[in-house]
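See below for the structure under consideration.
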Amino acid sequence: MRDRRMILFGLVRGAAAIAVALAVGAIFIFLSSKEPFTALRYLLIGPFLSFHGGEIAFNTQNFYQVLAAMIPTIFTGLAVCVMFSANQFNLAAEGCVLVGAFTGSLVGIYVNMVTGLHAVVCVLIAAAVCGLIMLIPSLLKVKLGASEMVTSLMLNFVLLYVVLHFLNYHFADRSKGATMTFPFLESSKIPSLVPGNSKLTWGFVIALIVAVVVWFFMYRTRWGYAIRMIGINESFSLYSGMNVGGTIVLSSVFGGVLAGMGGSIEVLGRFNTFQWRELPGYGWTGITIAILAKNNPAAVPLAAFFLAYLNKGCQLMATHSDVPSEMIDIIQATIFLFFAAEQFMSGFRQKLVVKTTREELKKMESVNVLEEESGHASTTV
Amino acid sequence: MEEQELVVRMEKISKVYPNGIAANRDVDFSVKKGEIHALIGENGAGKSTLMKILFGLEQPTDGNIYLNGEKVTLASPLVAISKGIGMVHQHFMLVPSLTVAENIVLGMAPKKSGIFIDNKEAVRLTREYSEKYNLHVDPDARVADIAVGMKQKVEILKALVRGARVLILDEPTAVLTTQETGELFQELKNLKEKGFTIIFISHKLKEIKELTDRITIMRSGLSVGVYETDSISEQEISRLMVGRDVVLKVSKTESVPAETVLTVNDLHYINEWDKKTLNGVSFAVRSGEIVGIAGVEGNGQRELVDILFGLKLPASGDARVSGQSLIGLPQARIRHLGVSYVPEDRMTFGVAQTASIQENVISDRYSRKEFNNGPLFNMKSLHKESDKLIVDYAVLCKSRSQEVGMLSGGNIQKVVVAREFSSDPILIIADQPTRGIDVGATELIRKRLVELARAGCAVLLVSADLNEVMELSDSLIVMYNGRIAGYFDDGKWDDVMMGEYMLGLKSQSDEEIRRACHA
Ligand SMILES: Nc1ncnc2c1ncn2[C@@H]1O[C@H](COP(=O)(O)OP(=O)(O)OP(=O)(O)O)[C@@H](O)[C@H]1O
Ligand SMILES: [Mg+2]
């Protein structure tokens with residue numbers, strides 16, 4: 001009974017949080033727009049409904065685009081989850097996405113392989129390279145005590161310029177006006193999941209599967225357990241006999257692997273050549289997602305969906321209404337803030353708990369009258 | 001009772017925590033001005049919760065609080081402090097990286113030029129109060145470096161400096177030696193004479209009889225009665241608390257020591273201030289026996305234990321378990337040799353607070369085959385293991401998935417003990433194993449310890465509780481000033497004699513001490 005009430009509460013809280021967040025967002029829209037209802041409509045339902053001359057239809061392509069946008073951020077969200085769980089504020093997921101995308105591209109361009117296997121190999125190699133890269137901040141942390149936050153942040157820029165160097169001087173397709181690589185071989189591309197131009201590829205399915213795998217890893221294996229315990233209390237873990245240094249390295253490497261997979265799956269699914277010339281930003285989004293998901297891998301796809309949907313809604317609002325683009329950032333931030341607010345509705349939750357406990361206590365007492373008083377009475381109900 | 005003379009009156013207080021535990025149920029509690037009032041009850045009875053409500057740390061779900069007859073709402077500790085309430089918590093709330101003086105003035109710091117803490121003033125204030133109330137501390141020591149007994153004093157000073165008139169002490173003596181306890185009691189009595197009111201939580205009935213004027217007994221979140229201390233016997237108290245008679249005397253069979261498990265050979269340790277805190281300590285512990293270490297806190301016991309469990313490196317000397325040197329080994333290897341350790345500081349080393357009970361009791365054994373199916377945990381056997389330990393050690397909880405940080409202090413200790421006693425150790429280093437544990441559970445843990453020893457485990461027992469050491473040990477080492485001052489293996493000891501050795505008034509000849517090595 002308690003559990004059912006609490007699950008219900010979770011759902012109600014989520015819905016109410018979104019409602020309040022949107023209401024606050026709406027205030028800003030009403031302040032800044034002459035056509036607030038149009039703007040609001042695009043923000044709220046634009047990502048999956050379209051309106052043509054008064055006719056409302058399900059807009060599959062838009063919706064697929066929302067899902068497609070989740071692919072890289074699910075991976076980075078998971079990567080950050082794993083590293084944050086070990087209390088490692090490692091920010092290099094950002095750089096790893098870039099390197100993963102670049103390495104995956106190179107394998108996709110220069111290695112010949114059969115369709116199917118090729119893409120898999122691209123992703124695996126990208127993952128391996130990024131895993132190795134994460135050895136740098138984690139070993140510096142474990143061996144020398146250097147703050148992983150600082151080293152990983154710096155590392156992002158090192159990685160950016162290394163990639164740019166190789167792109168500019170070694171792998172650029174000189175026949176093109178812009179700096180880009182040669183096109184990927186067809187065999188290396190991640191196939192589409194649905195017809196159309198939405199870029200919703202099989203990567204989406206893989207991302208969901210990986211989320212489940214990471215959840216199992218964190219909550220059902222000894223390595224994930226050690227990562228979490230170290231994150232909670234390192235002294236305790238050390239005293240318990242865990243290999244603290246090794247586990248910290250493991251969590252970072254795993255984070256790198258996930259980020260690398262995300263980067264390579266994204267480019268091989270979405271583009272024909274590699275042409276990123278700056279950090280893609282998915283790593284930062286991953287941090288937001290991990291925070292929203294409270295480091296729980298199972299909640300990462302939901303958090304990623306929320307962000308992707310919000311993003312798409314804001315994009316549509318920007319193109320189809322007069323809300324200025326700065327305002328859009330503000331609205332997006334406000335909605336996010338309210339949604340993330342921990343204490344939201346905690347008063348209501350407490351009332352619910354008290355009520356449930358009282359009921360249970362009463363029930364227990366009526367049972368207790370029948371039973372003999374036991375030696376070790378219990379407060380817990 | 002006159003309404004006016006009640007400094008504190010709590011009326012029909014209920015508290016339901018967010019996880020649905022009803023920690024207090026319609027509790028009435030009142031304290032007269034200038035008395036020392038004991039609050040006692042089993043682990044998890046709701047004592048700390050009631051006091052946290054009085055200190056404004058927790059909000060009651062229901063009920064009213066009156067201070068000096070006036071109804072108040074204690075929205076936060078700041079409000080409570082401003083109304084003259086001070087609290088020393090069961091788990092210290094000090095900042096380890098700051099000095100004693102800085103901790104004492106934290107949050108109310110005398111400021112120089114507005115921003116920076118005026119350190120001189122802080123030190124002066126600390127000195128002044130520590131003189132005035134005879135609570136001696138070193139204002140410049142870092143809190144991370146001082147012993148628990150000292151932290152206790154810092155906490156009390158902290159409350160006094162803030163102008164507390166009603167002082168809540170949540171198990172202040174759990175960490176103190178007999179001498180320190182005596183000292184503290186003298187101080188508390190002084191404070192009482194000066195008009196302070198003291199609420200005192202403890203599991204040690206003797207102390208309660210000695211110190212307090214009235215007693216409120218709690219059980220399962222209810223108050224089961226208020227008594228004049230003189231009108232009630234220890235037996236009656238424990239029966240009211242636990243609901244049955246408690247035997248604290250553990251019946252112990254003669255020990256039959258077998259092969260040597262732990263040998264400590266000429267250990268020296270020099271601390272950060274170049275003080276020799278261990279100065280040539282040698283002894284051995286054999287399988288089947290309990291060797292107790294007694295001593296006033298700060299005479300080298302801490303360093304000794306830390307070295308044995310790989311938390312510190314000695315300047316010289318060696319310690320071996322089954323012939324293998326422990327020096328420089330990581331904890332994983334030390335545990336692998338069959339050493340388990342009940343740490344003194346349970347919140348830092350003993351548990352991961354936000355993890356579940358299950359996750360806490362498996363922390364030393366989670367990688368064993370029996371708990372894993374290939375790469376995955378075998379959840380069934382993990383559940384079985386944790387449920388068994390919860391039952392065996394009477395951990396009061398909702399379920400194995402409850403967060404450890406939400407257990408009562410004594411139940412957290414039970415979680416630690418359950419894990420350390422159940423890992424099939426060949427050597428147990430138990431540092432204050434029954435600290436903060438109620439009489440019923442103390443009985444249980446002491447019994448377990450003796451059983452383990454008789455089953456062939458070697459036990460090194462360190463405790464500030466002299467009675468505990470004297471009662472459980474087969475042989476006894478007294479430490480003074482970084483050395484062994486005496487070794488006793490005849491079972492004939494009493495606290496007077498111990499006291500003389502602990503205070504350095506007496507010490508044995510090298511010859512006699514060397515017997516501790518069994519070489
Ligand atoms: N922060 C919390 N959240 C949820 N439950 C809690 C919390 N703190 C305490 N409890 C629960 O409330 C009950 C009473 O705990 P409390 O700490 O008041 O006990 P206590 O009488 O002080 O015991 P002890 O002698 O072991 O210190 C326990 O069952 C405990 O698990
Ligand atoms: Mg308590």
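Note on naming: chains are A, B, ... as they come in the structure tokens, residues start from 1 per chain, ligands start from 1 in the order shown.
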
Just asking: which residues within range 155-331 of chain A are helix (DSSP H, G or I) according to DSSP, as JSON, numbers by chain? {"A": [155, 156, 157, 158, 159, 160, 161, 162, 163, 164, 165, 166, 167, 168, 169, 186, 187, 188, 202, 203, 204, 205, 206, 207, 208, 209, 210, 211, 212, 213, 214, 215, 216, 217, 218, 219, 220, 222, 223, 224, 225, 226, 227, 228, 229, 230, 231, 232, 234, 235, 236, 237, 238, 239, 240, 244, 245, 246, 247, 248, 249, 250, 251, 252, 253, 254, 255, 256, 257, 258, 259, 260, 261, 262, 263, 264, 265, 266, 267, 268, 269, 270, 282, 283, 284, 285, 286, 287, 288, 289, 290, 291, 292, 297, 298, 299, 300, 301, 302, 303, 304, 305, 306, 307, 308, 309, 310, 311, 312, 313, 314, 315, 316, 317, 318, 319, 320, 325, 326, 327, 328, 329, 330, 331]}

Suppose we keep C-alpha atoms; can you now write the selection as a compact mmCIF listing (two decimals), in the first residue's frame?
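Now in again.txt:
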```
# COMPACT_ATOMS: atom_id res chain seq x y z
CA LEU A 155 41.82 17.60 -21.63
CA ASN A 156 38.73 18.54 -23.62
CA PHE A 157 40.61 21.32 -25.33
CA VAL A 158 43.67 19.23 -25.92
CA LEU A 159 41.47 16.65 -27.58
CA LEU A 160 39.68 19.29 -29.65
CA TYR A 161 42.92 20.65 -31.08
CA VAL A 162 44.43 17.23 -31.65
CA VAL A 163 41.36 16.26 -33.67
CA LEU A 164 41.45 19.55 -35.57
CA HIS A 165 45.11 19.05 -36.34
CA PHE A 166 44.57 15.61 -37.80
CA LEU A 167 41.47 16.73 -39.63
CA ASN A 168 43.19 19.76 -41.16
CA TYR A 169 46.53 18.30 -42.07
CA GLU A 186 28.22 2.94 -47.10
CA SER A 187 29.03 -0.23 -45.16
CA SER A 188 29.93 1.77 -42.06
CA TRP A 202 19.23 1.82 -34.93
CA GLY A 203 21.53 3.79 -32.66
CA PHE A 204 18.40 4.65 -30.70
CA VAL A 205 17.69 1.03 -29.97
CA ILE A 206 21.31 0.44 -29.06
CA ALA A 207 21.23 3.43 -26.71
CA LEU A 208 18.22 2.03 -24.89
CA ILE A 209 19.82 -1.40 -24.63
CA VAL A 210 23.03 0.15 -23.34
CA ALA A 211 21.04 2.06 -20.72
CA VAL A 212 19.66 -1.22 -19.44
CA VAL A 213 23.11 -2.79 -19.50
CA VAL A 214 24.61 0.11 -17.58
CA TRP A 215 21.84 -0.13 -15.00
CA PHE A 216 22.65 -3.80 -14.52
CA PHE A 217 26.31 -2.98 -14.35
CA MET A 218 25.79 -0.37 -11.65
CA TYR A 219 23.25 -2.19 -9.51
CA ARG A 220 23.79 -5.85 -10.18
CA ARG A 222 30.39 -6.21 -8.07
CA TRP A 223 32.15 -3.53 -10.11
CA GLY A 224 29.16 -1.23 -10.19
CA TYR A 225 28.67 -1.83 -6.49
CA ALA A 226 32.26 -0.86 -5.75
CA ILE A 227 31.89 2.26 -7.90
CA ARG A 228 28.83 3.36 -5.98
CA MET A 229 30.27 2.63 -2.56
CA ILE A 230 33.42 4.58 -3.37
CA GLY A 231 31.25 7.43 -4.51
CA ILE A 232 29.37 7.42 -1.23
CA GLU A 234 35.80 6.41 -0.01
CA SER A 235 37.25 5.80 3.45
CA PHE A 236 34.65 3.15 4.07
CA SER A 237 35.44 1.45 0.76
CA LEU A 238 39.15 1.47 1.42
CA TYR A 239 38.64 0.11 4.91
CA SER A 240 36.33 -2.59 3.53
CA VAL A 244 39.66 2.09 -4.67
CA GLY A 245 42.19 3.36 -7.19
CA GLY A 246 41.45 0.63 -9.69
CA THR A 247 37.73 1.16 -9.40
CA ILE A 248 38.04 4.90 -9.96
CA VAL A 249 40.05 4.20 -13.11
CA LEU A 250 37.49 1.62 -14.18
CA SER A 251 34.60 4.04 -13.80
CA SER A 252 36.37 6.70 -15.84
CA VAL A 253 37.36 4.27 -18.56
CA PHE A 254 33.83 2.97 -18.75
CA GLY A 255 32.60 6.55 -18.96
CA GLY A 256 35.00 7.13 -21.83
CA VAL A 257 33.82 3.99 -23.61
CA LEU A 258 30.20 5.12 -23.39
CA ALA A 259 30.98 8.63 -24.59
CA GLY A 260 33.05 7.24 -27.46
CA MET A 261 30.22 4.97 -28.52
CA GLY A 262 27.83 7.90 -28.44
CA GLY A 263 30.08 10.07 -30.59
CA SER A 264 30.71 7.46 -33.25
CA ILE A 265 27.10 6.30 -33.44
CA GLU A 266 25.99 9.88 -33.82
CA VAL A 267 28.26 10.73 -36.79
CA LEU A 268 27.86 7.41 -38.54
CA GLY A 269 24.10 7.67 -38.23
CA ARG A 270 23.56 11.30 -39.00
CA TYR A 282 26.76 16.49 -25.88
CA GLY A 283 29.05 15.96 -22.93
CA TRP A 284 27.65 19.01 -21.17
CA THR A 285 24.12 17.87 -21.90
CA GLY A 286 25.15 14.53 -20.44
CA ILE A 287 25.94 16.24 -17.15
CA THR A 288 22.52 17.86 -17.08
CA ILE A 289 20.93 14.52 -17.82
CA ALA A 290 22.88 12.69 -15.14
CA ILE A 291 21.83 15.28 -12.59
CA LEU A 292 18.18 15.06 -13.65
CA PRO A 297 21.04 4.87 -15.54
CA ALA A 298 17.45 3.68 -15.82
CA ALA A 299 16.20 7.25 -15.64
CA VAL A 300 18.67 8.54 -18.23
CA PRO A 301 16.49 7.87 -21.32
CA LEU A 302 13.60 9.70 -19.66
CA ALA A 303 15.76 12.66 -18.79
CA ALA A 304 17.22 12.66 -22.30
CA PHE A 305 13.73 12.59 -23.76
CA PHE A 306 12.64 15.49 -21.61
CA LEU A 307 15.58 17.61 -22.72
CA ALA A 308 15.26 16.63 -26.37
CA TYR A 309 11.56 17.39 -26.37
CA LEU A 310 12.07 20.73 -24.68
CA ASN A 311 14.80 21.54 -27.15
CA LYS A 312 12.69 20.68 -30.14
CA GLY A 313 9.72 22.60 -28.77
CA CYS A 314 11.89 25.65 -28.26
CA GLN A 315 13.34 25.32 -31.75
CA LEU A 316 9.88 25.18 -33.27
CA MET A 317 8.79 28.10 -31.16
CA ALA A 318 11.77 30.07 -32.37
CA THR A 319 11.05 29.39 -36.04
CA HIS A 320 7.30 29.77 -35.99
CA SER A 325 15.84 33.56 -29.17
CA GLU A 326 17.37 34.85 -25.92
CA MET A 327 13.98 34.47 -24.32
CA ILE A 328 13.92 30.92 -25.51
CA ASP A 329 17.07 30.15 -23.57
CA ILE A 330 15.55 31.72 -20.50
CA ILE A 331 12.37 29.72 -20.86
```

Ligand 1: which residues are within 7 Å, counting only C-alpha atoms and all ligand atoms, as a ChimeraX atom specification? /A:379-380 /B:17-19,21-23,41-50,396-397,405-411,436-438

Just the selected residues (C-alpha atoms), exported as a PDB file, in the first residue's frame, please.
```pdb
ATOM      1  CA  THR A 379       8.923   1.154  16.128  1.00  0.00           C
ATOM      2  CA  THR A 380       9.054   0.460  12.467  1.00  0.00           C
TER       3      THR A 380
ATOM      4  CA  TYR B  17      10.166  10.479   9.184  1.00  0.00           C
ATOM      5  CA  PRO B  18       9.811  10.777   5.403  1.00  0.00           C
ATOM      6  CA  ASN B  19      10.505   7.052   5.103  1.00  0.00           C
ATOM      7  CA  ILE B  21       9.107   5.443  10.471  1.00  0.00           C
ATOM      8  CA  ALA B  22       7.188   6.660  13.482  1.00  0.00           C
ATOM      9  CA  ALA B  23      10.117   7.531  15.736  1.00  0.00           C
ATOM     10  CA  GLY B  41      15.724   3.513  25.953  1.00  0.00           C
ATOM     11  CA  GLU B  42      16.759   0.848  23.517  1.00  0.00           C
ATOM     12  CA  ASN B  43      18.503   1.572  20.238  1.00  0.00           C
ATOM     13  CA  GLY B  44      15.973   3.154  17.972  1.00  0.00           C
ATOM     14  CA  ALA B  45      13.560   4.009  20.757  1.00  0.00           C
ATOM     15  CA  GLY B  46      13.484   7.579  19.511  1.00  0.00           C
ATOM     16  CA  LYS B  47      15.693   9.403  21.996  1.00  0.00           C
ATOM     17  CA  SER B  48      17.860  11.223  19.490  1.00  0.00           C
ATOM     18  CA  THR B  49      14.815  12.090  17.448  1.00  0.00           C
ATOM     19  CA  LEU B  50      13.078  13.698  20.412  1.00  0.00           C
ATOM     20  CA  LEU B 396      16.054  -2.637  14.142  1.00  0.00           C
ATOM     21  CA  CYS B 397      15.023  -1.642  10.648  1.00  0.00           C
ATOM     22  CA  GLY B 405      22.132   6.692   7.703  1.00  0.00           C
ATOM     23  CA  MET B 406      18.504   6.550   8.753  1.00  0.00           C
ATOM     24  CA  LEU B 407      19.075   3.972  11.461  1.00  0.00           C
ATOM     25  CA  SER B 408      19.545   4.997  15.038  1.00  0.00           C
ATOM     26  CA  GLY B 409      23.114   5.306  16.258  1.00  0.00           C
ATOM     27  CA  GLY B 410      23.175   1.972  18.070  1.00  0.00           C
ATOM     28  CA  ASN B 411      21.707   0.165  15.104  1.00  0.00           C
ATOM     29  CA  GLY B 436      26.333   3.358  21.877  1.00  0.00           C
ATOM     30  CA  ILE B 437      24.605   0.029  21.977  1.00  0.00           C
ATOM     31  CA  ASP B 438      21.755  -0.544  24.395  1.00  0.00           C
TER      32      ASP B 438
END
```

Can you check which residues of chain B have any atom within 7 Å of chain A? Use only C-alpha atoms and format it as a PyMOL selection string. chain B and resi 16+18+20-23+220-221+243-244+331-332+335+348-352+354+363-364+366-367+375-377+397-398

Residues from last step as file, C-alpha atoms, as a CSV table (one decimal), in the first residue's frame:
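Below is the file selection01.csv, written as the result:
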```
chain,number,residue,atom,x,y,z
B,16,VAL,CA,7.1,10.4,11.4
B,18,PRO,CA,9.8,10.8,5.4
B,20,GLY,CA,7.4,6.3,7.2
B,21,ILE,CA,9.1,5.4,10.5
B,22,ALA,CA,7.2,6.7,13.5
B,23,ALA,CA,10.1,7.5,15.7
B,220,SER,CA,9.3,2.0,20.7
B,221,GLY,CA,8.8,5.7,20.2
B,243,GLY,CA,10.8,-5.6,28.5
B,244,ARG,CA,12.9,-8.4,30.0
B,331,GLN,CA,43.4,-3.2,3.6
B,332,ALA,CA,42.3,-5.6,0.9
B,335,ARG,CA,41.4,-8.6,5.2
B,348,THR,CA,33.8,7.5,8.6
B,349,PHE,CA,35.0,4.0,8.2
B,350,GLY,CA,32.2,1.8,9.3
B,351,VAL,CA,29.4,2.6,6.9
B,352,ALA,CA,28.4,4.2,3.7
B,354,THR,CA,23.4,6.7,2.0
B,363,SER,CA,31.2,-4.5,1.6
B,364,ASP,CA,34.0,-6.9,2.6
B,366,TYR,CA,30.7,-8.9,-2.2
B,367,SER,CA,33.2,-10.3,-4.6
B,375,PRO,CA,29.4,-11.2,-13.9
B,376,LEU,CA,26.2,-10.6,-12.1
B,377,PHE,CA,25.4,-10.5,-8.4
B,397,CYS,CA,15.0,-1.6,10.6
B,398,LYS,CA,12.2,-1.7,8.1
```
